$ cat run_4.cif   # mmCIF, C-alpha atoms
data_upload
#
loop_
_atom_site.label_atom_id
_atom_site.label_comp_id
_atom_site.auth_asym_id
_atom_site.auth_seq_id
_atom_site.Cartn_x
_atom_site.Cartn_y
_atom_site.Cartn_z
CA MET A 1 0.00 0.00 0.00
CA LEU A 2 1.13 3.53 -0.68
CA THR A 3 2.20 4.99 2.66
CA LYS A 4 1.44 8.36 4.22
CA ARG A 5 4.46 10.64 4.10
CA ILE A 6 6.15 12.63 6.87
CA ILE A 7 7.94 15.70 5.54
CA PRO A 8 10.18 18.01 7.58
CA CYS A 9 10.45 21.53 6.14
CA LEU A 10 13.65 23.55 6.39
CA ASP A 11 13.91 27.28 5.82
CA ILE A 12 17.00 28.21 3.86
CA LYS A 13 18.62 31.62 3.61
CA ASN A 14 21.86 32.13 1.68
CA GLY A 15 22.44 28.39 1.65
CA ARG A 16 22.04 27.92 5.41
CA THR A 17 19.12 26.72 7.50
CA VAL A 18 17.55 29.46 9.54
CA LYS A 19 15.16 29.44 12.49
CA GLY A 20 16.56 27.50 15.35
CA VAL A 21 17.20 23.87 14.88
CA ASN A 22 17.91 21.99 18.06
CA PHE A 23 19.26 18.58 17.25
CA VAL A 24 21.66 16.55 19.25
CA ASP A 25 24.68 15.04 17.53
CA LEU A 26 24.91 17.70 14.85
CA ARG A 27 28.23 19.36 14.29
CA ASP A 28 26.57 22.26 12.54
CA ALA A 29 22.83 22.73 12.88
CA GLY A 30 22.88 25.41 10.20
CA ASP A 31 24.18 23.06 7.55
CA PRO A 32 21.24 21.92 5.39
CA VAL A 33 23.13 18.91 4.10
CA GLU A 34 23.89 17.57 7.54
CA LEU A 35 20.32 18.15 8.69
CA ALA A 36 18.91 16.52 5.58
CA LYS A 37 21.07 13.46 6.11
CA GLN A 38 19.99 13.21 9.70
CA TYR A 39 16.31 13.45 8.76
CA ALA A 40 16.78 10.81 6.08
CA ASP A 41 18.37 8.52 8.69
CA TYR A 42 15.47 9.18 11.08
CA GLY A 43 12.96 7.96 8.50
CA ALA A 44 11.66 11.19 6.98
CA ASP A 45 9.98 10.28 3.69
CA GLU A 46 10.81 13.50 1.85
CA LEU A 47 12.22 16.92 2.61
CA VAL A 48 11.13 20.40 1.65
CA PHE A 49 13.58 23.29 1.49
CA LEU A 50 12.04 26.71 1.46
CA ASP A 51 14.44 29.32 0.11
CA ILE A 52 13.83 32.66 1.78
CA SER A 53 16.92 34.39 0.36
CA ALA A 54 16.05 37.87 -0.76
CA THR A 55 19.03 38.46 -3.03
CA LEU A 56 20.32 36.92 -6.23
CA GLU A 57 23.56 35.98 -4.49
CA GLY A 58 21.51 34.20 -1.85
CA ARG A 59 19.67 32.22 -4.51
CA ALA A 60 22.88 31.25 -6.23
CA THR A 61 24.14 29.93 -2.91
CA THR A 62 20.92 27.95 -2.58
CA LEU A 63 21.58 26.25 -5.91
CA ASP A 64 24.95 25.19 -4.60
CA MET A 65 23.26 23.84 -1.48
CA VAL A 66 20.75 21.89 -3.59
CA LEU A 67 23.64 20.27 -5.40
CA HIS A 68 25.24 19.19 -2.12
CA VAL A 69 21.95 17.83 -0.77
CA ALA A 70 21.42 15.82 -3.96
CA GLU A 71 24.96 14.50 -3.70
CA GLN A 72 24.56 13.19 -0.20
CA VAL A 73 20.90 12.51 0.55
CA ASN A 74 19.10 9.40 -0.67
CA ILE A 75 15.46 10.48 -0.27
CA PRO A 76 13.47 12.87 -2.48
CA PHE A 77 13.39 16.58 -1.83
CA THR A 78 11.44 19.62 -2.98
CA VAL A 79 12.72 23.17 -3.24
CA GLY A 80 10.39 26.16 -3.00
CA GLY A 81 10.60 29.92 -2.64
CA GLY A 82 11.10 32.61 -5.24
CA ILE A 83 10.54 30.37 -8.27
CA SER A 84 8.83 32.17 -11.11
CA SER A 85 10.06 30.78 -14.43
CA VAL A 86 10.92 27.68 -16.43
CA ALA A 87 14.58 28.74 -16.19
CA ASP A 88 14.42 28.86 -12.36
CA VAL A 89 13.06 25.33 -12.28
CA ASP A 90 15.50 24.05 -14.87
CA ALA A 91 18.41 25.29 -12.75
CA LEU A 92 17.07 23.59 -9.60
CA LEU A 93 16.39 20.28 -11.34
CA GLN A 94 19.83 20.39 -12.97
CA CYS A 95 21.28 20.61 -9.47
CA GLY A 96 19.38 17.50 -8.46
CA ALA A 97 16.13 18.74 -6.85
CA ASP A 98 13.32 16.22 -7.38
CA LYS A 99 10.42 18.65 -7.23
CA VAL A 100 9.81 22.35 -7.02
CA SER A 101 7.12 24.18 -5.17
CA ILE A 102 5.57 27.35 -6.57
CA ASN A 103 3.15 29.65 -4.80
CA SER A 104 2.60 33.38 -5.47
CA SER A 105 4.12 33.19 -8.94
CA ALA A 106 1.43 30.68 -9.97
CA VAL A 107 -1.33 33.00 -8.77
CA LYS A 108 0.23 35.94 -10.62
CA ARG A 109 0.63 33.90 -13.80
CA PRO A 110 -1.31 30.59 -13.74
CA GLU A 111 0.14 29.55 -17.14
CA LEU A 112 3.40 28.90 -15.28
CA VAL A 113 1.86 25.67 -13.94
CA ASN A 114 1.14 24.49 -17.52
CA GLU A 115 4.59 25.48 -18.70
CA LEU A 116 6.33 23.62 -15.91
CA SER A 117 4.25 20.46 -16.12
CA ASN A 118 4.58 20.33 -19.90
CA LYS A 119 8.32 20.77 -19.78
CA PHE A 120 9.28 18.79 -16.68
CA GLY A 121 6.23 16.61 -15.98
CA SER A 122 3.50 16.99 -13.35
CA GLN A 123 5.42 14.79 -10.93
CA CYS A 124 7.85 17.59 -10.11
CA VAL A 125 5.36 20.46 -9.84
CA VAL A 126 4.03 21.10 -6.36
CA VAL A 127 1.69 24.05 -6.04
CA ALA A 128 1.80 25.52 -2.54
CA ILE A 129 -1.30 27.39 -1.43
CA ASP A 130 -1.50 29.58 1.67
CA ALA A 131 -5.10 30.26 2.62
CA LYS A 132 -7.01 31.81 5.47
CA GLN A 133 -10.59 31.18 6.46
CA VAL A 134 -12.50 34.46 6.70
CA ASP A 135 -16.25 34.36 7.46
CA GLY A 136 -16.35 30.71 6.54
CA ASN A 137 -14.60 31.16 3.18
CA TRP A 138 -11.06 30.03 2.47
CA LYS A 139 -9.21 32.80 0.64
CA VAL A 140 -5.81 32.38 -0.99
CA HIS A 141 -3.06 34.68 0.35
CA LEU A 142 0.19 35.66 -1.34
CA ALA A 143 3.75 36.53 -0.39
CA GLY A 144 3.98 34.27 2.61
CA GLY A 145 0.42 35.08 3.61
CA SER A 146 0.83 38.84 3.78
CA ILE A 147 -1.36 39.73 0.79
CA PRO A 148 -5.00 38.60 0.76
CA THR A 149 -6.77 37.84 -2.51
CA GLU A 150 -10.38 37.12 -3.43
CA ILE A 151 -9.42 33.72 -4.84
CA ASP A 152 -11.23 30.73 -3.35
CA LEU A 153 -8.95 27.95 -2.11
CA PHE A 154 -10.92 25.08 -3.62
CA GLN A 155 -11.44 26.71 -7.01
CA TRP A 156 -7.77 27.59 -7.21
CA ALA A 157 -6.70 24.09 -6.21
CA LYS A 158 -8.91 22.58 -8.92
CA GLU A 159 -7.57 25.02 -11.47
CA VAL A 160 -3.93 24.16 -10.78
CA GLU A 161 -4.76 20.45 -10.89
CA GLN A 162 -6.21 20.97 -14.37
CA ARG A 163 -3.17 22.98 -15.37
CA GLY A 164 -0.94 20.05 -14.47
CA ALA A 165 0.11 20.36 -10.83
CA GLY A 166 1.21 17.00 -9.47
CA GLU A 167 0.57 17.79 -5.84
CA ILE A 168 -0.90 20.47 -3.57
CA LEU A 169 0.83 21.74 -0.44
CA PHE A 170 -1.90 23.47 1.55
CA THR A 171 -0.97 25.68 4.50
CA SER A 172 -3.77 26.96 6.65
CA MET A 173 -2.80 30.37 7.99
CA ASN A 174 -5.43 29.97 10.71
CA HIS A 175 -3.56 26.93 11.99
CA ASP A 176 0.08 27.69 11.12
CA GLY A 177 2.17 28.28 14.23
CA THR A 178 -0.68 27.45 16.64
CA LYS A 179 0.33 23.84 17.30
CA ASN A 180 -3.39 23.11 17.61
CA GLY A 181 -3.65 20.66 14.73
CA PHE A 182 -4.08 20.78 10.96
CA ALA A 183 -7.06 22.25 9.03
CA ASN A 184 -8.61 18.84 8.55
CA GLU A 185 -12.01 19.89 7.29
CA ALA A 186 -10.55 21.91 4.42
CA LEU A 187 -7.94 19.22 3.76
CA ALA A 188 -10.57 16.49 3.51
CA LYS A 189 -12.56 18.63 1.09
CA LEU A 190 -9.46 19.18 -1.06
CA SER A 191 -8.70 15.48 -1.00
CA GLU A 192 -12.23 14.60 -2.06
CA GLU A 193 -12.55 17.20 -4.77
CA LEU A 194 -9.11 16.67 -6.31
CA ASN A 195 -7.42 13.54 -7.62
CA ILE A 196 -3.80 14.52 -6.87
CA PRO A 197 -1.97 14.09 -3.55
CA ILE A 198 -2.54 16.71 -0.83
CA ILE A 199 0.15 17.68 1.69
CA ALA A 200 -1.12 19.10 4.99
CA SER A 201 0.85 21.98 6.45
CA GLY A 202 0.38 24.29 9.42
CA GLY A 203 -0.62 23.42 12.97
CA ALA A 204 1.34 20.30 13.92
CA GLY A 205 1.80 20.22 17.69
CA ASN A 206 1.60 16.61 18.78
CA VAL A 207 1.36 13.05 17.48
CA GLN A 208 -2.44 13.00 17.61
CA HIS A 209 -2.52 15.90 15.13
CA PHE A 210 -0.76 13.72 12.57
CA ILE A 211 -3.13 10.82 13.22
CA ASP A 212 -6.08 13.19 12.78
CA THR A 213 -4.86 14.75 9.56
CA PHE A 214 -4.32 11.35 7.95
CA LYS A 215 -7.67 9.99 9.18
CA ASP A 216 -10.03 12.98 9.29
CA GLY A 217 -8.15 15.26 6.90
CA LYS A 218 -7.56 12.46 4.37
CA SER A 219 -4.12 13.98 3.76
CA ASP A 220 -1.54 12.06 1.76
CA ALA A 221 1.40 13.66 3.52
CA ALA A 222 2.01 15.95 6.48
CA LEU A 223 4.62 18.67 6.61
CA ALA A 224 5.97 20.32 9.74
CA ALA A 225 8.97 22.32 10.88
CA SER A 226 9.44 23.23 14.52
CA VAL A 227 8.09 20.03 16.10
CA PHE A 228 10.73 18.13 14.15
CA HIS A 229 13.58 20.62 14.41
CA PHE A 230 13.35 20.87 18.18
CA GLY A 231 12.99 17.15 18.64
CA GLU A 232 9.54 17.59 20.20
CA ILE A 233 8.27 14.80 17.97
CA PRO A 234 10.99 12.36 16.93
CA ILE A 235 10.07 10.95 13.53
CA PRO A 236 10.69 7.26 14.38
CA GLU A 237 8.32 7.47 17.36
CA LEU A 238 5.77 9.41 15.34
CA LYS A 239 5.75 6.73 12.68
CA LYS A 240 5.43 3.93 15.23
CA GLU A 241 2.40 5.68 16.72
CA LEU A 242 0.86 6.15 13.28
CA LYS A 243 1.36 2.46 12.55
CA LYS A 244 -0.31 1.57 15.86
CA ASN A 245 -3.24 3.64 14.73
CA HIS A 246 -3.50 1.65 11.50
CA ILE A 247 -2.03 4.35 9.31
CA GLU A 248 0.34 2.94 6.68
CA VAL A 249 3.82 4.38 7.06
CA ARG A 250 7.28 3.34 6.00
CA LEU A 251 9.15 2.00 9.01
CA MET B 1 33.67 -0.73 -14.08
CA LYS B 2 32.56 1.53 -16.90
CA LEU B 3 29.06 2.70 -16.12
CA VAL B 4 27.23 4.86 -18.64
CA ILE B 5 24.01 6.75 -17.92
CA ILE B 6 22.26 7.43 -21.21
CA ASN B 7 21.79 11.18 -21.44
CA TYR B 8 19.13 11.91 -24.04
CA GLY B 9 17.64 15.00 -22.44
CA ALA B 10 14.78 13.35 -20.56
CA GLY B 11 14.74 14.56 -17.02
CA ASN B 12 16.98 14.87 -14.08
CA ILE B 13 19.84 12.39 -14.11
CA LYS B 14 21.99 14.07 -11.48
CA SER B 15 20.35 12.04 -8.71
CA ILE B 16 21.24 8.76 -10.41
CA GLN B 17 24.79 9.88 -11.02
CA PHE B 18 25.14 10.91 -7.36
CA ALA B 19 23.62 7.64 -6.13
CA PHE B 20 26.28 5.65 -7.99
CA LYS B 21 28.95 8.03 -6.77
CA ARG B 22 27.88 7.21 -3.21
CA LEU B 23 28.60 3.58 -4.16
CA GLY B 24 32.05 4.59 -5.37
CA VAL B 25 31.37 4.50 -9.11
CA ASP B 26 31.80 7.53 -11.34
CA ALA B 27 29.20 7.20 -14.08
CA ILE B 28 29.70 8.67 -17.53
CA LEU B 29 26.79 10.66 -18.95
CA SER B 30 26.55 10.19 -22.69
CA ASN B 31 24.29 9.82 -25.71
CA ASP B 32 27.17 8.76 -27.95
CA ALA B 33 26.62 5.31 -29.45
CA ASP B 34 30.30 4.28 -29.20
CA VAL B 35 30.56 5.34 -25.57
CA ILE B 36 27.35 3.49 -24.71
CA LYS B 37 28.40 0.37 -26.58
CA SER B 38 31.73 0.23 -24.76
CA ALA B 39 30.15 0.32 -21.28
CA ASP B 40 30.09 -2.57 -18.81
CA LYS B 41 26.74 -1.47 -17.44
CA ILE B 42 24.18 0.96 -18.79
CA VAL B 43 21.46 2.95 -17.04
CA PHE B 44 18.54 4.20 -19.10
CA PRO B 45 16.80 6.92 -17.07
CA GLY B 46 13.79 9.03 -17.87
CA VAL B 47 11.52 11.52 -16.20
CA GLY B 48 8.78 13.48 -17.89
CA GLU B 49 6.40 12.78 -20.74
CA ALA B 50 6.66 9.59 -22.82
CA SER B 51 6.05 10.83 -26.37
CA SER B 52 8.54 13.70 -26.11
CA ALA B 53 11.11 11.42 -24.46
CA MET B 54 10.63 8.85 -27.24
CA LYS B 55 11.05 11.62 -29.79
CA MET B 56 14.38 12.62 -28.25
CA LEU B 57 15.41 8.97 -28.24
CA LYS B 58 14.64 8.64 -31.95
CA GLU B 59 16.37 11.87 -32.87
CA SER B 60 19.59 10.55 -31.37
CA GLY B 61 19.13 7.10 -32.94
CA LEU B 62 19.18 5.50 -29.50
CA ASP B 63 15.90 3.67 -30.12
CA LYS B 64 17.77 1.52 -32.66
CA LEU B 65 20.91 1.16 -30.56
CA ILE B 66 19.28 0.03 -27.30
CA PRO B 67 17.90 -3.33 -28.56
CA THR B 68 21.38 -4.29 -29.80
CA LEU B 69 23.01 -3.87 -26.37
CA LYS B 70 24.35 -7.04 -24.75
CA GLN B 71 25.50 -5.63 -21.39
CA PRO B 72 23.15 -5.33 -18.40
CA VAL B 73 20.83 -2.34 -18.98
CA LEU B 74 18.72 -0.83 -16.21
CA GLY B 75 15.71 1.28 -17.20
CA ILE B 76 14.44 3.51 -14.42
CA CYS B 77 10.89 4.96 -14.21
CA LEU B 78 10.03 6.36 -17.66
CA GLY B 79 13.16 4.60 -18.92
CA MET B 80 11.56 1.26 -17.99
CA GLN B 81 8.24 2.28 -19.56
CA LEU B 82 9.91 3.22 -22.85
CA LEU B 83 11.44 -0.25 -23.01
CA CYS B 84 7.90 -1.72 -23.12
CA LYS B 85 5.84 -2.33 -26.28
CA SER B 86 3.75 0.81 -25.99
CA THR B 87 2.45 3.40 -23.58
CA GLU B 88 -0.90 5.14 -23.38
CA GLU B 89 0.93 8.36 -22.55
CA GLY B 90 0.87 10.30 -25.80
CA HIS B 91 -0.08 7.00 -27.56
CA THR B 92 3.59 6.18 -27.92
CA LYS B 93 5.23 3.07 -29.31
CA GLY B 94 8.11 1.94 -27.13
CA VAL B 95 11.43 0.23 -27.84
CA GLY B 96 9.70 -3.13 -27.34
CA ILE B 97 12.13 -5.04 -25.14
CA PHE B 98 9.53 -5.96 -22.51
CA GLN B 99 6.44 -7.68 -23.87
CA THR B 100 3.95 -5.58 -21.98
CA ASP B 101 2.03 -2.34 -22.35
CA VAL B 102 1.94 0.77 -20.18
CA LYS B 103 -1.46 2.09 -19.07
CA ARG B 104 -2.70 5.06 -17.08
CA PHE B 105 -3.88 4.47 -13.52
CA ASP B 106 -7.64 4.59 -13.14
CA SER B 107 -9.14 7.56 -11.36
CA ASN B 108 -10.15 5.32 -8.43
CA VAL B 109 -6.69 6.21 -7.07
CA LYS B 110 -4.91 9.55 -6.87
CA VAL B 111 -2.73 10.14 -9.91
CA PRO B 112 0.25 10.42 -9.85
CA GLN B 113 1.06 7.75 -7.31
CA MET B 114 3.56 9.66 -5.24
CA GLY B 115 5.51 8.27 -2.34
CA TRP B 116 6.68 5.02 -0.79
CA ASN B 117 5.03 1.72 -1.63
CA VAL B 118 6.19 -1.87 -1.27
CA ILE B 119 7.64 -4.24 -3.86
CA LYS B 120 6.85 -7.95 -3.55
CA ASP B 121 7.14 -11.32 -5.30
CA LEU B 122 10.78 -10.45 -5.95
CA LYS B 123 12.37 -12.68 -8.54
CA SER B 124 15.83 -11.61 -9.62
CA ASP B 125 19.42 -11.16 -8.50
CA LEU B 126 18.66 -7.47 -8.76
CA PHE B 127 16.84 -7.91 -5.42
CA LYS B 128 19.52 -9.90 -3.63
CA GLY B 129 19.42 -8.96 0.06
CA ILE B 130 16.15 -7.05 -0.39
CA LYS B 131 13.30 -8.33 1.74
CA GLU B 132 9.77 -8.91 0.46
CA ASN B 133 7.60 -5.84 0.94
CA GLU B 134 10.54 -3.45 1.05
CA TYR B 135 9.60 0.21 0.54
CA MET B 136 10.61 2.01 -2.62
CA TYR B 137 9.96 5.59 -3.74
CA LEU B 138 7.63 5.88 -6.73
CA VAL B 139 6.31 8.81 -8.73
CA HIS B 140 4.26 7.89 -11.76
CA SER B 141 0.88 8.18 -13.47
CA TYR B 142 1.30 5.19 -15.80
CA TYR B 143 2.11 1.57 -14.94
CA ALA B 144 3.38 -1.50 -16.80
CA GLU B 145 0.89 -4.35 -16.94
CA HIS B 146 1.90 -7.52 -15.19
CA CYS B 147 3.40 -10.11 -17.59
CA ASN B 148 5.69 -13.15 -17.44
CA GLU B 149 8.72 -10.84 -17.41
CA THR B 150 7.59 -9.31 -14.11
CA ILE B 151 10.26 -9.58 -11.38
CA ALA B 152 8.53 -7.35 -8.77
CA LYS B 153 4.94 -6.32 -8.18
CA THR B 154 3.31 -3.36 -6.48
CA ASP B 155 -0.32 -2.65 -5.60
CA TYR B 156 -1.89 0.71 -6.33
CA GLY B 157 -5.53 0.20 -7.15
CA ILE B 158 -4.21 -2.52 -9.42
CA ASN B 159 -1.43 -5.09 -9.10
CA TYR B 160 1.19 -4.04 -11.63
CA ALA B 161 4.78 -4.79 -12.65
CA SER B 162 7.09 -2.54 -10.65
CA ALA B 163 10.12 -4.32 -12.14
CA LEU B 164 10.71 -6.27 -15.36
CA LYS B 165 13.51 -8.40 -16.78
CA HIS B 166 14.18 -9.68 -20.27
CA GLU B 167 17.58 -11.26 -20.87
CA ASN B 168 20.15 -8.49 -20.12
CA PHE B 169 17.46 -5.80 -19.79
CA TYR B 170 16.12 -4.79 -16.39
CA GLY B 171 13.49 -2.18 -15.66
CA VAL B 172 12.34 -0.67 -12.38
CA GLN B 173 9.37 1.67 -11.99
CA PHE B 174 10.58 2.96 -8.64
CA HIS B 175 13.54 5.26 -8.09
CA PRO B 176 16.30 3.22 -6.43
CA GLU B 177 18.45 6.37 -6.37
CA LYS B 178 15.89 7.98 -4.04
CA SER B 179 14.88 4.90 -2.06
CA SER B 180 17.22 5.15 0.91
CA THR B 181 19.57 2.28 1.74
CA ALA B 182 17.40 -0.43 0.15
CA GLY B 183 17.47 1.48 -3.13
CA ALA B 184 21.24 1.79 -2.91
CA ARG B 185 21.46 -1.98 -2.42
CA ILE B 186 19.55 -2.53 -5.67
CA LEU B 187 21.95 -0.24 -7.54
CA GLN B 188 24.87 -2.14 -6.02
CA ASN B 189 23.25 -5.42 -7.11
CA PHE B 190 23.00 -4.03 -10.63
CA LEU B 191 26.71 -3.18 -10.56
CA ASP B 192 27.41 -6.71 -9.33
CA LEU B 193 25.45 -8.48 -12.10
#

$ encode --input "run_4.cif" --output "structure tokens"
Amino acid sequence: MLTKRIIPCLDIKNGRTVKGVNFVDLRDAGDPVELAKQYADYGADELVFLDISATLEGRATTLDMVLHVAEQVNIPFTVGGGISSVADVDALLQCGADKVSINSSAVKRPELVNELSNKFGSQCVVVAIDAKQVDGNWKVHLAGGSIPTEIDLFQWAKEVEQRGAGEILFTSMNHDGTKNGFANEALAKLSEELNIPIIASGGAGNVQHFIDTFKDGKSDAALAASVFHFGEIPIPELKKELKKNHIEVRL
Amino acid sequence: MKLVIINYGAGNIKSIQFAFKRLGVDAILSNDADVIKSADKIVFPGVGEASSAMKMLKESGLDKLIPTLKQPVLGICLGMQLLCKSTEEGHTKGVGIFQTDVKRFDSNVKVPQMGWNVIKDLKSDLFKGIKENEYMYLVHSYYAEHCNETIAKTDYGINYASALKHENFYGVQFHPEKSSTAGARILQNFLDL
């Protein structure tokens, strides 16, 4: 059976991981390669690197980092952040990234999704959607959630599926950072209305939240950052608990 | 060991090259017939869309070269699918090494299949040291129909061939280069054939 995936997300700036990472046995917690290797050893199923470099030099350094991750890590990884063209994606894939994640640039120019899936295949195009529920309606937000739009989450998700997205990474801004659990109602609706995998993001605080998002939220994968980085939820234990709860995972 | 990864423009081959490098083998990337013919082992990769990949293969004459190869050849993902008789993707005729056809998954499952699934009924030296129901990483929307050349099976809505073998030709639907230590073992087994 296809297993549910556990995906740690690392923020990258100028080729280094940022936001505190609190792992034991790491020589250098800021080194994305070392962290990625450790996560792979712990049983992470995939990794996501989010590039938050603001400058061109920073992005160039990220490419170099991607190359080093690909050299040394034997599980798949996605790179997101600041991608807005076929050339951007080409450069990342050439360095060994398996998938790319696009967000605001797809909203600004939806044809980008078609262009990328036609050129590189749907399997490497993840469309990330940040949305916030306002008066019962889920509205897409841009630029890391700072700019609201009138676009409906579910309509947008369906549109990008039709345009060739291979996967949706949905972050609920209402849940992100709360550690109160994932947006399972919206996730289940996405999973039912779309026929591509859905990654849940935003709200992970404890093991039960992962159980709930796979059962109630019908998510195919769950992404989290701080609970993994600070060792609050060790991935091997998380996966054992999921298995106990009859959720298929790779052990 | 002269290992050549056929480089015909279809997809990301860096990961495969790196995976072999982790095993201590520097692979040569090439689409040159003489270089390919002189290899001890050949990897035929592929990511992307079948009809355009097949077109690139034809343009470089590799579609004619591949069936003449006598060394062990490992097709990975789309590479394996292109070695089949045909694929529904872009209604494309394949190289025709494996006597099976490639179909699209039904919409009773999410397409693409993306993630880790198990391989079972393992039947080849390629899987030496690999246990039944080992997890492999898969990303694909099309699958090869089970046939008597099947050497591994996977379930995803349907039971399909996740690996095939015909004489010196091997094909795997999963990505051994991305399938952790078990995947690395399969690549090592290929080198050891």

$ closest_residue --input "run_4.cif" --among "A:Asp64, A:Asp216, A:Glu232, A:Glu167" --to "Met114 (chain B)" --atoms "all atoms listed in the file"
A:Glu167

$ closest_atom_pairs --input "run_4.cif" --of "chain A" --to "chain B" --cutoff "7 Å" --atoms "only C-alpha atoms" --output "JSON lines"
{"residue": "A:Met1", "atom": "CA", "partner": "B:Asn117", "partner_atom": "CA", "distance": 5.6}
{"residue": "A:Leu2", "atom": "CA", "partner": "B:Asn117", "partner_atom": "CA", "distance": 4.4}
{"residue": "A:Thr3", "atom": "CA", "partner": "B:Trp116", "partner_atom": "CA", "distance": 5.7}
{"residue": "A:Arg5", "atom": "CA", "partner": "B:Gly115", "partner_atom": "CA", "distance": 6.9}
{"residue": "A:Ala70", "atom": "CA", "partner": "B:Ser15", "partner_atom": "CA", "distance": 6.2}
{"residue": "A:Glu71", "atom": "CA", "partner": "B:Phe18", "partner_atom": "CA", "distance": 5.1}
{"residue": "A:Asn74", "atom": "CA", "partner": "B:Lys178", "partner_atom": "CA", "distance": 4.9}
{"residue": "A:Ile75", "atom": "CA", "partner": "B:Lys178", "partner_atom": "CA", "distance": 4.5}
{"residue": "A:Pro76", "atom": "CA", "partner": "B:Lys178", "partner_atom": "CA", "distance": 5.7}
{"residue": "A:Leu93", "atom": "CA", "partner": "B:Asn12", "partner_atom": "CA", "distance": 6.1}
{"residue": "A:Gln94", "atom": "CA", "partner": "B:Asn12", "partner_atom": "CA", "distance": 6.3}
{"residue": "A:Cys95", "atom": "CA", "partner": "B:Lys14", "partner_atom": "CA", "distance": 6.9}
{"residue": "A:Gly96", "atom": "CA", "partner": "B:Lys14", "partner_atom": "CA", "distance": 5.3}
{"residue": "A:Phe120", "atom": "CA", "partner": "B:Gly48", "partner_atom": "CA", "distance": 5.5}
{"residue": "A:Gly121", "atom": "CA", "partner": "B:Gly48", "partner_atom": "CA", "distance": 4.5}
{"residue": "A:Gln123", "atom": "CA", "partner": "B:Val139", "partner_atom": "CA", "distance": 6.4}
{"residue": "A:Gly166", "atom": "CA", "partner": "B:Pro112", "partner_atom": "CA", "distance": 6.7}
{"residue": "A:Asn195", "atom": "CA", "partner": "B:Lys110", "partner_atom": "CA", "distance": 4.8}
{"residue": "A:Ile196", "atom": "CA", "partner": "B:Lys110", "partner_atom": "CA", "distance": 5.1}
{"residue": "A:Pro197", "atom": "CA", "partner": "B:Lys110", "partner_atom": "CA", "distance": 6.3}
{"residue": "A:Arg250", "atom": "CA", "partner": "B:Tyr135", "partner_atom": "CA", "distance": 6.7}

$ resolve_selection --input "run_4.cif" --expression "the PyMOL selection byres ((chain A and resi 107) around 12)" --output "PyMOL selection string"
chain A and resi 84+102-106+108-113+127-130+140-143+147-153+156-157+159-160

$ closest_residue --input "run_4.cif" --among "B:Leu82, B:Ile151, B:Ala39, B:Leu126" --to "Lys55 (chain B)" --atoms "all atoms listed in the file"
B:Leu82

$ closest_residue --input "run_4.cif" --among "B:Gly96, B:Leu191, B:Ala53, B:Asn168" --to "Asp26 (chain B)" --atoms "only C-alpha atoms"
B:Leu191

$ resolve_selection --input "run_4.cif" --expression "the PyMOL selection byres ((chain B and resi 146) around 7)" --output "list in words"
Ala144, Glu145, Cys147, Thr150, Tyr160 and Ala161 of chain B

$ resolve_selection --input "run_4.cif" --expression "the PyMOL selection byres ((chain B and resi 100) around 6)" --output "ChimeraX atom specification"
/B:84-85,98-99,101

$ write_last_selection --input "run_4.cif" --atoms "C-alpha atoms" --output "PDB file, in the coordinates of the input"
ATOM      1  CA  CYS B  84       7.900  -1.720 -23.120  1.00  0.00           C
ATOM      2  CA  LYS B  85       5.840  -2.330 -26.280  1.00  0.00           C
ATOM      3  CA  PHE B  98       9.530  -5.960 -22.510  1.00  0.00           C
ATOM      4  CA  GLN B  99       6.440  -7.680 -23.870  1.00  0.00           C
ATOM      5  CA  ASP B 101       2.030  -2.340 -22.350  1.00  0.00           C
TER       6      ASP B 101
END

$ atom_distance --input "run_4.cif" --atom1 "CA of Ala27 (chain B)" --atom2 "CA of Leu116 (chain A)"
28.2 Å

$ closest_residue --input "run_4.cif" --among "A:Ile168, A:Gln38, A:Asn137, A:Ala225" --to "Leu50 (chain A)" --atoms "only C-alpha atoms"
A:Ala225

$ residues_around --input "run_4.cif" --residues "Gln173 (chain B)" --least-positions-apart "2" --cutoff "8 Å" --atoms "all atoms listed in the file" --output "ChimeraX atom specification"
/B:76-78,80-81,138,143,161-163,171,175

$ atom_distance --input "run_4.cif" --atom1 "CA of Phe127 (chain B)" --atom2 "CA of Leu23 (chain B)"
16.5 Å

$ build_atoms --input "run_4.cif" --residues "region 132-137 of chain B" --atoms "N, CA and C atoms" --output "PDB file, in the coordinates of the input"
ATOM      1  N   GLU B 132      11.120  -9.087   1.021  1.00  0.00           N
ATOM      2  CA  GLU B 132       9.770  -8.910   0.460  1.00  0.00           C
ATOM      3  C   GLU B 132       9.112  -7.723   1.152  1.00  0.00           C
ATOM      4  N   ASN B 133       8.319  -6.991   0.418  1.00  0.00           N
ATOM      5  CA  ASN B 133       7.600  -5.840   0.940  1.00  0.00           C
ATOM      6  C   ASN B 133       8.514  -4.699   1.406  1.00  0.00           C
ATOM      7  N   GLU B 134       9.663  -4.583   0.774  1.00  0.00           N
ATOM      8  CA  GLU B 134      10.540  -3.450   1.050  1.00  0.00           C
ATOM      9  C   GLU B 134       9.927  -2.194   0.406  1.00  0.00           C
ATOM     10  N   TYR B 135      10.145  -1.052   1.066  1.00  0.00           N
ATOM     11  CA  TYR B 135       9.600   0.210   0.540  1.00  0.00           C
ATOM     12  C   TYR B 135      10.506   0.827  -0.509  1.00  0.00           C
ATOM     13  N   MET B 136       9.882   1.299  -1.563  1.00  0.00           N
ATOM     14  CA  MET B 136      10.610   2.010  -2.620  1.00  0.00           C
ATOM     15  C   MET B 136       9.859   3.307  -2.919  1.00  0.00           C
ATOM     16  N   TYR B 137      10.592   4.306  -3.407  1.00  0.00           N
ATOM     17  CA  TYR B 137       9.960   5.590  -3.740  1.00  0.00           C
ATOM     18  C   TYR B 137       9.507   5.586  -5.201  1.00  0.00           C
TER      19      TYR B 137
END
